[in-house]
>>> print(open('start-v8.pdb').read())   # PDB, C-alpha atoms
ATOM      1  CA  MET A 202      40.069 199.255 107.083  1.00  0.00           C
ATOM      2  CA  LYS A 203      38.208 196.002 106.879  1.00  0.00           C
ATOM      3  CA  THR A 204      39.890 192.647 107.160  1.00  0.00           C
ATOM      4  CA  GLN A 205      38.390 189.699 105.470  1.00  0.00           C
ATOM      5  CA  GLN A 206      36.967 187.144 107.825  1.00  0.00           C
ATOM      6  CA  PHE A 207      37.480 183.443 107.156  1.00  0.00           C
ATOM      7  CA  SER A 208      34.967 180.949 108.215  1.00  0.00           C
ATOM      8  CA  PRO A 209      36.155 177.785 109.991  1.00  0.00           C
ATOM      9  CA  SER A 210      35.113 175.683 106.988  1.00  0.00           C
ATOM     10  CA  THR A 211      37.378 177.713 104.643  1.00  0.00           C
ATOM     11  CA  GLU A 212      40.356 177.301 107.000  1.00  0.00           C
ATOM     12  CA  ARG A 213      39.815 173.525 107.181  1.00  0.00           C
ATOM     13  CA  SER A 214      39.627 173.379 103.397  1.00  0.00           C
ATOM     14  CA  ARG A 215      43.076 174.985 103.075  1.00  0.00           C
ATOM     15  CA  LEU A 216      44.597 172.549 105.554  1.00  0.00           C
ATOM     16  CA  LYS A 217      43.027 169.652 103.710  1.00  0.00           C
ATOM     17  CA  TYR A 218      44.633 170.765 100.415  1.00  0.00           C
ATOM     18  CA  LEU A 219      47.972 171.257 102.153  1.00  0.00           C
ATOM     19  CA  PHE A 220      47.938 167.738 103.622  1.00  0.00           C
ATOM     20  CA  TRP A 221      46.843 166.175 100.323  1.00  0.00           C
ATOM     21  CA  GLY A 222      49.611 168.008  98.467  1.00  0.00           C
ATOM     22  CA  LEU A 223      52.175 166.926 101.042  1.00  0.00           C
ATOM     23  CA  GLY A 224      50.966 163.313 100.888  1.00  0.00           C
ATOM     24  CA  VAL A 225      51.096 163.182  97.082  1.00  0.00           C
ATOM     25  CA  SER A 226      54.596 164.723  97.126  1.00  0.00           C
ATOM     26  CA  LEU A 227      55.853 162.110  99.611  1.00  0.00           C
ATOM     27  CA  LEU A 228      54.293 159.331  97.550  1.00  0.00           C
ATOM     28  CA  LEU A 229      56.012 160.610  94.393  1.00  0.00           C
ATOM     29  CA  LEU A 230      59.362 160.812  96.223  1.00  0.00           C
ATOM     30  CA  PHE A 231      58.923 157.235  97.428  1.00  0.00           C
ATOM     31  CA  PHE A 232      58.298 155.939  93.885  1.00  0.00           C
ATOM     32  CA  LEU A 233      61.244 157.978  92.582  1.00  0.00           C
ATOM     33  CA  PHE A 234      63.498 156.368  95.204  1.00  0.00           C
ATOM     34  CA  ILE A 235      62.304 152.876  94.202  1.00  0.00           C
ATOM     35  CA  TYR A 236      62.887 153.626  90.502  1.00  0.00           C
ATOM     36  CA  ILE A 237      66.443 154.916  91.118  1.00  0.00           C
ATOM     37  CA  TYR A 238      67.261 151.919  93.323  1.00  0.00           C
ATOM     38  CA  ILE A 239      66.130 149.457  90.622  1.00  0.00           C
ATOM     39  CA  GLN A 240      68.165 151.302  87.980  1.00  0.00           C
ATOM     40  CA  ILE A 241      71.305 151.145  90.135  1.00  0.00           C
ATOM     41  CA  ILE A 242      70.916 147.414  90.789  1.00  0.00           C
ATOM     42  CA  GLN A 243      70.327 146.691  87.097  1.00  0.00           C
ATOM     43  CA  ASP A 244      73.416 148.717  86.165  1.00  0.00           C
ATOM     44  CA  LYS A 245      75.511 146.791  88.668  1.00  0.00           C
ATOM     45  CA  THR A 246      74.748 143.431  87.058  1.00  0.00           C
ATOM     46  CA  SER A 247      74.237 144.516  83.450  1.00  0.00           C
ATOM     47  CA  THR A 248      77.727 143.411  82.350  1.00  0.00           C
ATOM     48  CA  PHE A 249      77.594 139.962  83.971  1.00  0.00           C
ATOM     49  CA  ASP A 250      76.151 138.105  80.959  1.00  0.00           C
ATOM     50  CA  HIS A 251      78.705 139.629  78.585  1.00  0.00           C
ATOM     51  CA  SER A 252      81.526 138.804  81.007  1.00  0.00           C
ATOM     52  CA  LYS A 253      80.387 135.174  81.312  1.00  0.00           C
ATOM     53  CA  GLN A 254      80.327 134.824  77.528  1.00  0.00           C
ATOM     54  CA  ALA A 255      83.739 136.494  77.125  1.00  0.00           C
ATOM     55  CA  ALA A 256      85.243 134.251  79.817  1.00  0.00           C
ATOM     56  CA  ILE A 257      83.965 131.112  78.096  1.00  0.00           C
ATOM     57  CA  GLU A 258      85.219 132.264  74.682  1.00  0.00           C
ATOM     58  CA  GLU A 259      88.653 133.579  75.715  1.00  0.00           C
ATOM     59  CA  THR A 260      89.738 131.390  78.635  1.00  0.00           C
ATOM     60  CA  PRO A 261      89.822 127.658  79.428  1.00  0.00           C
ATOM     61  CA  LEU A 262      86.543 128.016  81.372  1.00  0.00           C
ATOM     62  CA  GLU A 263      83.681 125.973  79.970  1.00  0.00           C
ATOM     63  CA  VAL A 264      81.173 126.350  82.802  1.00  0.00           C
ATOM     64  CA  THR A 265      80.621 129.503  84.835  1.00  0.00           C
ATOM     65  CA  ASN A 266      79.522 129.217  88.449  1.00  0.00           C
ATOM     66  CA  SER A 267      79.291 132.830  89.585  1.00  0.00           C
ATOM     67  CA  VAL A 268      80.154 136.417  88.704  1.00  0.00           C
ATOM     68  CA  THR A 269      81.174 139.121  91.160  1.00  0.00           C
ATOM     69  CA  ARG A 270      82.235 142.731  90.697  1.00  0.00           C
ATOM     70  CA  TYR A 271      85.552 144.147  91.892  1.00  0.00           C
ATOM     71  CA  HIS A 272      86.303 147.879  92.018  1.00  0.00           C
ATOM     72  CA  GLY A 273      90.014 148.584  92.147  1.00  0.00           C
ATOM     73  CA  GLU A 274      92.049 150.823  89.887  1.00  0.00           C
ATOM     74  CA  TYR A 275      89.769 149.473  87.162  1.00  0.00           C
ATOM     75  CA  ARG A 276      86.421 147.692  87.341  1.00  0.00           C
ATOM     76  CA  TYR A 277      86.447 143.931  86.815  1.00  0.00           C
ATOM     77  CA  ASP A 278      83.828 141.246  86.590  1.00  0.00           C
ATOM     78  CA  ILE A 279      85.312 138.127  88.156  1.00  0.00           C
ATOM     79  CA  VAL A 280      83.894 134.968  86.633  1.00  0.00           C
ATOM     80  CA  ALA A 281      84.385 131.756  88.625  1.00  0.00           C
ATOM     81  CA  GLY A 282      84.076 128.499  86.758  1.00  0.00           C
ATOM     82  CA  GLU A 283      85.514 125.174  85.693  1.00  0.00           C
ATOM     83  CA  GLY A 284      87.471 124.016  82.668  1.00  0.00           C
ATOM     84  CA  VAL A 285      87.465 120.783  80.662  1.00  0.00           C
ATOM     85  CA  ASP A 286      89.179 118.634  83.269  1.00  0.00           C
ATOM     86  CA  GLU A 287      87.161 120.237  86.090  1.00  0.00           C
ATOM     87  CA  THR A 288      90.017 122.547  87.073  1.00  0.00           C
ATOM     88  CA  LYS A 289      88.606 125.575  88.805  1.00  0.00           C
ATOM     89  CA  GLY A 290      89.664 129.079  87.928  1.00  0.00           C
ATOM     90  CA  TYR A 291      88.829 132.755  87.805  1.00  0.00           C
ATOM     91  CA  ALA A 292      88.566 134.956  84.734  1.00  0.00           C
ATOM     92  CA  PHE A 293      89.148 138.632  85.485  1.00  0.00           C
ATOM     93  CA  VAL A 294      87.202 140.499  82.793  1.00  0.00           C
ATOM     94  CA  PRO A 295      88.009 144.244  82.597  1.00  0.00           C
ATOM     95  CA  ILE A 296      84.935 146.459  82.246  1.00  0.00           C
ATOM     96  CA  ASN A 297      86.149 150.032  81.659  1.00  0.00           C
ATOM     97  CA  ASN A 298      89.569 149.244  80.203  1.00  0.00           C
ATOM     98  CA  LYS A 299      88.744 147.513  76.908  1.00  0.00           C
ATOM     99  CA  ASP A 300      92.429 147.510  75.831  1.00  0.00           C
ATOM    100  CA  GLU A 301      93.314 145.113  78.629  1.00  0.00           C
ATOM    101  CA  ASP A 302      93.001 141.381  77.993  1.00  0.00           C
ATOM    102  CA  ILE A 303      91.039 138.988  80.152  1.00  0.00           C
ATOM    103  CA  PHE A 304      93.304 137.551  82.832  1.00  0.00           C
ATOM    104  CA  TYR A 305      92.798 133.912  83.798  1.00  0.00           C
ATOM    105  CA  GLN A 306      93.984 132.313  87.048  1.00  0.00           C
ATOM    106  CA  MET A 307      93.751 128.545  87.517  1.00  0.00           C
ATOM    107  CA  LEU A 308      93.326 127.493  91.120  1.00  0.00           C
ATOM    108  CA  THR A 309      95.879 124.685  90.924  1.00  0.00           C
ATOM    109  CA  ASN A 310      99.138 125.458  92.747  1.00  0.00           C
ATOM    110  CA  THR A 311      97.617 128.552  94.374  1.00  0.00           C
ATOM    111  CA  THR A 312      96.466 129.416  97.845  1.00  0.00           C
ATOM    112  CA  THR A 313      92.838 128.342  98.139  1.00  0.00           C
ATOM    113  CA  GLU A 314      90.074 130.314  99.772  1.00  0.00           C
ATOM    114  CA  GLN A 315      89.951 127.818 102.652  1.00  0.00           C
ATOM    115  CA  GLU A 316      93.718 128.077 103.234  1.00  0.00           C
ATOM    116  CA  MET A 317      93.483 131.876 103.309  1.00  0.00           C
ATOM    117  CA  LEU A 318      90.582 131.684 105.728  1.00  0.00           C
ATOM    118  CA  SER A 319      92.350 129.345 108.143  1.00  0.00           C
ATOM    119  CA  SER A 320      95.541 131.432 107.986  1.00  0.00           C
ATOM    120  CA  TRP A 321      93.564 134.595 108.687  1.00  0.00           C
ATOM    121  CA  LYS A 322      91.656 133.007 111.597  1.00  0.00           C
ATOM    122  CA  SER A 323      94.900 131.984 113.293  1.00  0.00           C
ATOM    123  CA  SER A 324      96.455 135.452 112.898  1.00  0.00           C
ATOM    124  CA  CYS A 325      93.463 137.639 113.741  1.00  0.00           C
ATOM    125  CA  ASN A 326      91.917 136.841 117.108  1.00  0.00           C
ATOM    126  CA  GLY A 327      88.757 138.746 117.975  1.00  0.00           C
ATOM    127  CA  CYS A 328      88.067 139.694 114.355  1.00  0.00           C
ATOM    128  CA  GLU A 329      84.710 139.327 112.626  1.00  0.00           C
ATOM    129  CA  LEU A 330      84.912 138.219 108.987  1.00  0.00           C
ATOM    130  CA  ILE A 331      82.581 139.984 106.574  1.00  0.00           C
ATOM    131  CA  SER A 332      83.655 138.435 103.263  1.00  0.00           C
ATOM    132  CA  ILE A 333      86.430 136.846 101.265  1.00  0.00           C
ATOM    133  CA  GLN A 334      86.492 137.239  97.503  1.00  0.00           C
ATOM    134  CA  PRO A 335      88.911 137.313  94.598  1.00  0.00           C
ATOM    135  CA  ALA A 336      90.383 140.650  93.492  1.00  0.00           C
ATOM    136  CA  ILE A 337      93.040 141.887  91.072  1.00  0.00           C
ATOM    137  CA  ASP A 338      95.547 144.736  91.159  1.00  0.00           C
ATOM    138  CA  LYS A 339      98.181 145.508  88.514  1.00  0.00           C
ATOM    139  CA  GLY A 340      97.827 142.048  87.000  1.00  0.00           C
ATOM    140  CA  ASN A 341      98.179 140.292  90.361  1.00  0.00           C
ATOM    141  CA  PRO A 342      95.265 138.025  91.303  1.00  0.00           C
ATOM    142  CA  LEU A 343      94.508 138.522  94.991  1.00  0.00           C
ATOM    143  CA  TRP A 344      92.302 137.386  97.817  1.00  0.00           C
ATOM    144  CA  GLU A 345      90.406 140.268  99.436  1.00  0.00           C
ATOM    145  CA  LEU A 346      89.482 139.626 103.070  1.00  0.00           C
ATOM    146  CA  THR A 347      87.049 142.130 104.547  1.00  0.00           C
ATOM    147  CA  TYR A 348      86.571 142.129 108.307  1.00  0.00           C
ATOM    148  CA  VAL A 349      86.156 144.178 111.464  1.00  0.00           C
ATOM    149  CA  ASP A 350      89.201 143.926 113.718  1.00  0.00           C
ATOM    150  CA  ASP A 351      89.397 143.916 117.517  1.00  0.00           C
ATOM    151  CA  LYS A 352      89.707 147.744 117.554  1.00  0.00           C
ATOM    152  CA  ASN A 353      86.397 148.052 115.644  1.00  0.00           C
ATOM    153  CA  ARG A 354      88.074 149.128 112.394  1.00  0.00           C
ATOM    154  CA  TYR A 355      86.792 148.070 108.977  1.00  0.00           C
ATOM    155  CA  VAL A 356      89.766 146.325 107.346  1.00  0.00           C
ATOM    156  CA  LEU A 357      90.514 145.170 103.798  1.00  0.00           C
ATOM    157  CA  ASP A 358      93.477 142.782 103.560  1.00  0.00           C
ATOM    158  CA  TYR A 359      94.853 141.680 100.204  1.00  0.00           C
ATOM    159  CA  PHE A 360      96.946 138.530  99.746  1.00  0.00           C
ATOM    160  CA  LEU A 361      98.526 137.146  96.572  1.00  0.00           C
ATOM    161  CA  MET A 362      96.635 134.142  95.227  1.00  0.00           C
ATOM    162  CA  LYS A 363      99.775 132.400  93.987  1.00  0.00           C
ATOM    163  CA  ASN A 364     101.411 132.006  97.403  1.00  0.00           C
ATOM    164  CA  GLY A 365      99.278 133.745 100.058  1.00  0.00           C
ATOM    165  CA  ASP A 366     101.846 136.474 100.734  1.00  0.00           C
ATOM    166  CA  PHE A 367     100.621 139.774 102.130  1.00  0.00           C
ATOM    167  CA  TYR A 368     100.037 142.416  99.429  1.00  0.00           C
ATOM    168  CA  GLU A 369      98.195 145.422 100.916  1.00  0.00           C
ATOM    169  CA  GLN A 370      95.993 146.513 103.801  1.00  0.00           C
ATOM    170  CA  LEU A 371      93.434 149.289 104.160  1.00  0.00           C
ATOM    171  CA  ARG A 372      91.929 150.204 107.553  1.00  0.00           C
ATOM    172  CA  PHE A 373      89.002 152.509 108.169  1.00  0.00           C
ATOM    173  CA  LYS A 374      87.727 153.843 111.483  1.00  0.00           C
ATOM    174  CA  GLN A 375      84.015 153.305 111.932  1.00  0.00           C
TER     175      GLN A 375
END
>>> encode(input="start-v8.pdb", output="structure tokens")
Amino acid sequence: MKTQQFSPSTERSRLKYLFWGLGVSLLLLFFLFIYIYIQIIQDKTSTFDHSKQAAIEETPLEVTNSVTRYHGEYRYDIVAGEGVDETKGYAFVPINNKDEDIFYQMLTNTTTEQEMLSSWKSSCNGCELISIQPAIDKGNPLWELTYVDDKNRYVLDYFLMKNGDFYEQLRFKQ
């Protein structure tokens, strides 16, 4: 029985096609990854303009400064801004739960971000702050402090905005 002999040039030709096919496949996967990433980022901020407009129309806010997203029991866009007499406040605009009204929290007679930060610094030695941002849970406006504690745990602390009292804590091992 005869076996077919391959010349060295035929063998190189097959390897060349294999490498080209592999290279094109990797290039296509790279562009697919970029496309999916852009779609995710656009989806994350797609509701911000609507939330700004709703906050201006339905709350005392007249100027919006920033919008952030909060994921709790429900998704909220949190619109920070100022009213007529330059009083600062937050409008908590529900995203998924359209039956719920926009909740507005003025920052007068509440615990400020700076007060929460200084209170946290004095109570948590050796901790590394990641962020502080407004949050909401069951109609309670909160401050969410995210940090890494001295035992290298990722911690989310929640404090009531109205008086700075402790509300909830979540700890995660890294």
>>> residues_around(input="start-v8.pdb", residues="Arg372 of chain A", least_positions_apart="2", cutoff="8 Å", atoms="only C-alpha atoms", output="list in words")
Arg354, Tyr355, Val356, Leu357, Gln370 and Lys374 of chain A
>>> closest_residue(input="start-v8.pdb", among="A:Trp221, A:Ile257, A:Ile296, A:Ser226", to="Lys245 of chain A", atoms="all atoms listed in the file")
A:Ile296
>>> atom_distance(input="start-v8.pdb", atom1="atom CA of Ala256 of chain A", atom2="atom CA of Ile303 of chain A")
7.5 Å
>>> resolve_selection(input="start-v8.pdb", expression="the PyMOL selection byres ((chain A and resi 259-261) around 9)", output="MDAnalysis selection string")
chainID A and resid 254:258 262:263 283:285 290 292 303:305
>>> atom_distance(input="start-v8.pdb", atom1="atom CA of Asp250 of chain A", atom2="atom CA of Phe360 of chain A")
28.0 Å
>>> residues_near_point(input="start-v8.pdb", point="(98.3, 133.7, 99.2)", cutoff="8 Å", atoms="only C-alpha atoms", output="list of chain:residue names")
A:Thr311, A:Thr312, A:Thr313, A:Met317, A:Leu343, A:Trp344, A:Phe360, A:Leu361, A:Met362, A:Lys363, A:Asn364, A:Gly365, A:Asp366, A:Phe367
>>> closest_residue(input="start-v8.pdb", among="A:Leu230, A:Gln375, A:Trp321, A:Gln334", to="Asp278 of chain A", atoms="only C-alpha atoms")
A:Gln334
>>> axis_aligned_box(input="start-v8.pdb", around="segment 307-324 of chain A", padding_each_side="3 Å", output="lines of an AutoDock Vina configuration file")
center_x = 94.5
center_y = 130.1
center_z = 100.4
size_x = 15.2
size_y = 16.8
size_z = 31.8
>>> atom_distance(input="start-v8.pdb", atom1="atom CA of Asp358 of chain A", atom2="atom CA of Leu371 of chain A")
6.5 Å
>>> closest_residue(input="start-v8.pdb", among="A:Pro295, A:His251, A:Gly340, A:Leu233", to="Tyr271 of chain A", atoms="all atoms listed in the file")
A:Pro295
>>> residues_around(input="start-v8.pdb", residues="Lys253 of chain A", least_positions_apart="5", cutoff="8 Å", atoms="all atoms listed in the file", output="PDB file with C-alpha atoms, in the frame of the given file")
ATOM      1  CA  THR A 265      80.621 129.503  84.835  1.00  0.00           C
ATOM      2  CA  VAL A 268      80.154 136.417  88.704  1.00  0.00           C
ATOM      3  CA  VAL A 280      83.894 134.968  86.633  1.00  0.00           C
TER       4      VAL A 280
END
>>> closest_residue(input="start-v8.pdb", among="A:Phe220, A:Glu329, A:Asp338, A:Arg276", to="Lys299 of chain A", atoms="only C-alpha atoms")
A:Arg276
>>> closest_residue(input="start-v8.pdb", among="A:Gly273, A:Tyr218, A:Ser323, A:Leu223", to="Asn341 of chain A", atoms="only C-alpha atoms")
A:Gly273
>>> decode(input="start-v8.pdb", residues="segment 216-230 of chain A", atoms="N, CA and C atoms", output="mmCIF file, in the first residue's frame")
data_model
loop_
_atom_site.group_PDB
_atom_site.id
_atom_site.type_symbol
_atom_site.label_atom_id
_atom_site.label_comp_id
_atom_site.auth_asym_id
_atom_site.auth_seq_id
_atom_site.Cartn_x
_atom_site.Cartn_y
_atom_site.Cartn_z
ATOM 1 N N LEU A 216 0.416 24.957 7.433
ATOM 2 C CA LEU A 216 0.697 25.704 8.655
ATOM 3 C C LEU A 216 0.388 27.188 8.486
ATOM 4 N N LYS A 217 0.708 27.696 7.308
ATOM 5 C CA LYS A 217 0.432 29.101 7.029
ATOM 6 C C LYS A 217 -1.072 29.370 7.105
ATOM 7 N N TYR A 218 -1.894 28.514 6.511
ATOM 8 C CA TYR A 218 -3.347 28.683 6.565
ATOM 9 C C TYR A 218 -3.870 28.559 7.994
ATOM 10 N N LEU A 219 -3.294 27.650 8.751
ATOM 11 C CA LEU A 219 -3.699 27.462 10.142
ATOM 12 C C LEU A 219 -3.418 28.732 10.959
ATOM 13 N N PHE A 220 -2.221 29.285 10.814
ATOM 14 C CA PHE A 220 -1.878 30.499 11.556
ATOM 15 C C PHE A 220 -2.722 31.692 11.119
ATOM 16 N N TRP A 221 -2.975 31.830 9.828
ATOM 17 C CA TRP A 221 -3.826 32.921 9.352
ATOM 18 C C TRP A 221 -5.247 32.788 9.912
ATOM 19 N N GLY A 222 -5.766 31.578 9.887
ATOM 20 C CA GLY A 222 -7.117 31.344 10.422
ATOM 21 C C GLY A 222 -7.189 31.651 11.904
ATOM 22 N N LEU A 223 -6.171 31.232 12.640
ATOM 23 C CA LEU A 223 -6.110 31.509 14.075
ATOM 24 C C LEU A 223 -5.993 33.013 14.338
ATOM 25 N N GLY A 224 -5.193 33.700 13.572
ATOM 26 C CA GLY A 224 -5.026 35.148 13.723
ATOM 27 C C GLY A 224 -6.308 35.908 13.433
ATOM 28 N N VAL A 225 -7.003 35.537 12.366
ATOM 29 C CA VAL A 225 -8.268 36.196 12.015
ATOM 30 C C VAL A 225 -9.310 35.926 13.102
ATOM 31 N N SER A 226 -9.349 34.705 13.623
ATOM 32 C CA SER A 226 -10.295 34.363 14.690
ATOM 33 C C SER A 226 -10.034 35.198 15.939
ATOM 34 N N LEU A 227 -8.783 35.348 16.332
ATOM 35 C CA LEU A 227 -8.438 36.153 17.506
ATOM 36 C C LEU A 227 -8.793 37.621 17.287
ATOM 37 N N LEU A 228 -8.562 38.106 16.084
ATOM 38 C CA LEU A 228 -8.909 39.489 15.759
ATOM 39 C C LEU A 228 -10.421 39.703 15.846
ATOM 40 N N LEU A 229 -11.194 38.775 15.334
ATOM 41 C CA LEU A 229 -12.658 38.866 15.423
ATOM 42 C C LEU A 229 -13.134 38.820 16.877
ATOM 43 N N LEU A 230 -12.538 37.961 17.694
ATOM 44 C CA LEU A 230 -12.892 37.901 19.114
ATOM 45 C C LEU A 230 -12.564 39.208 19.828
#
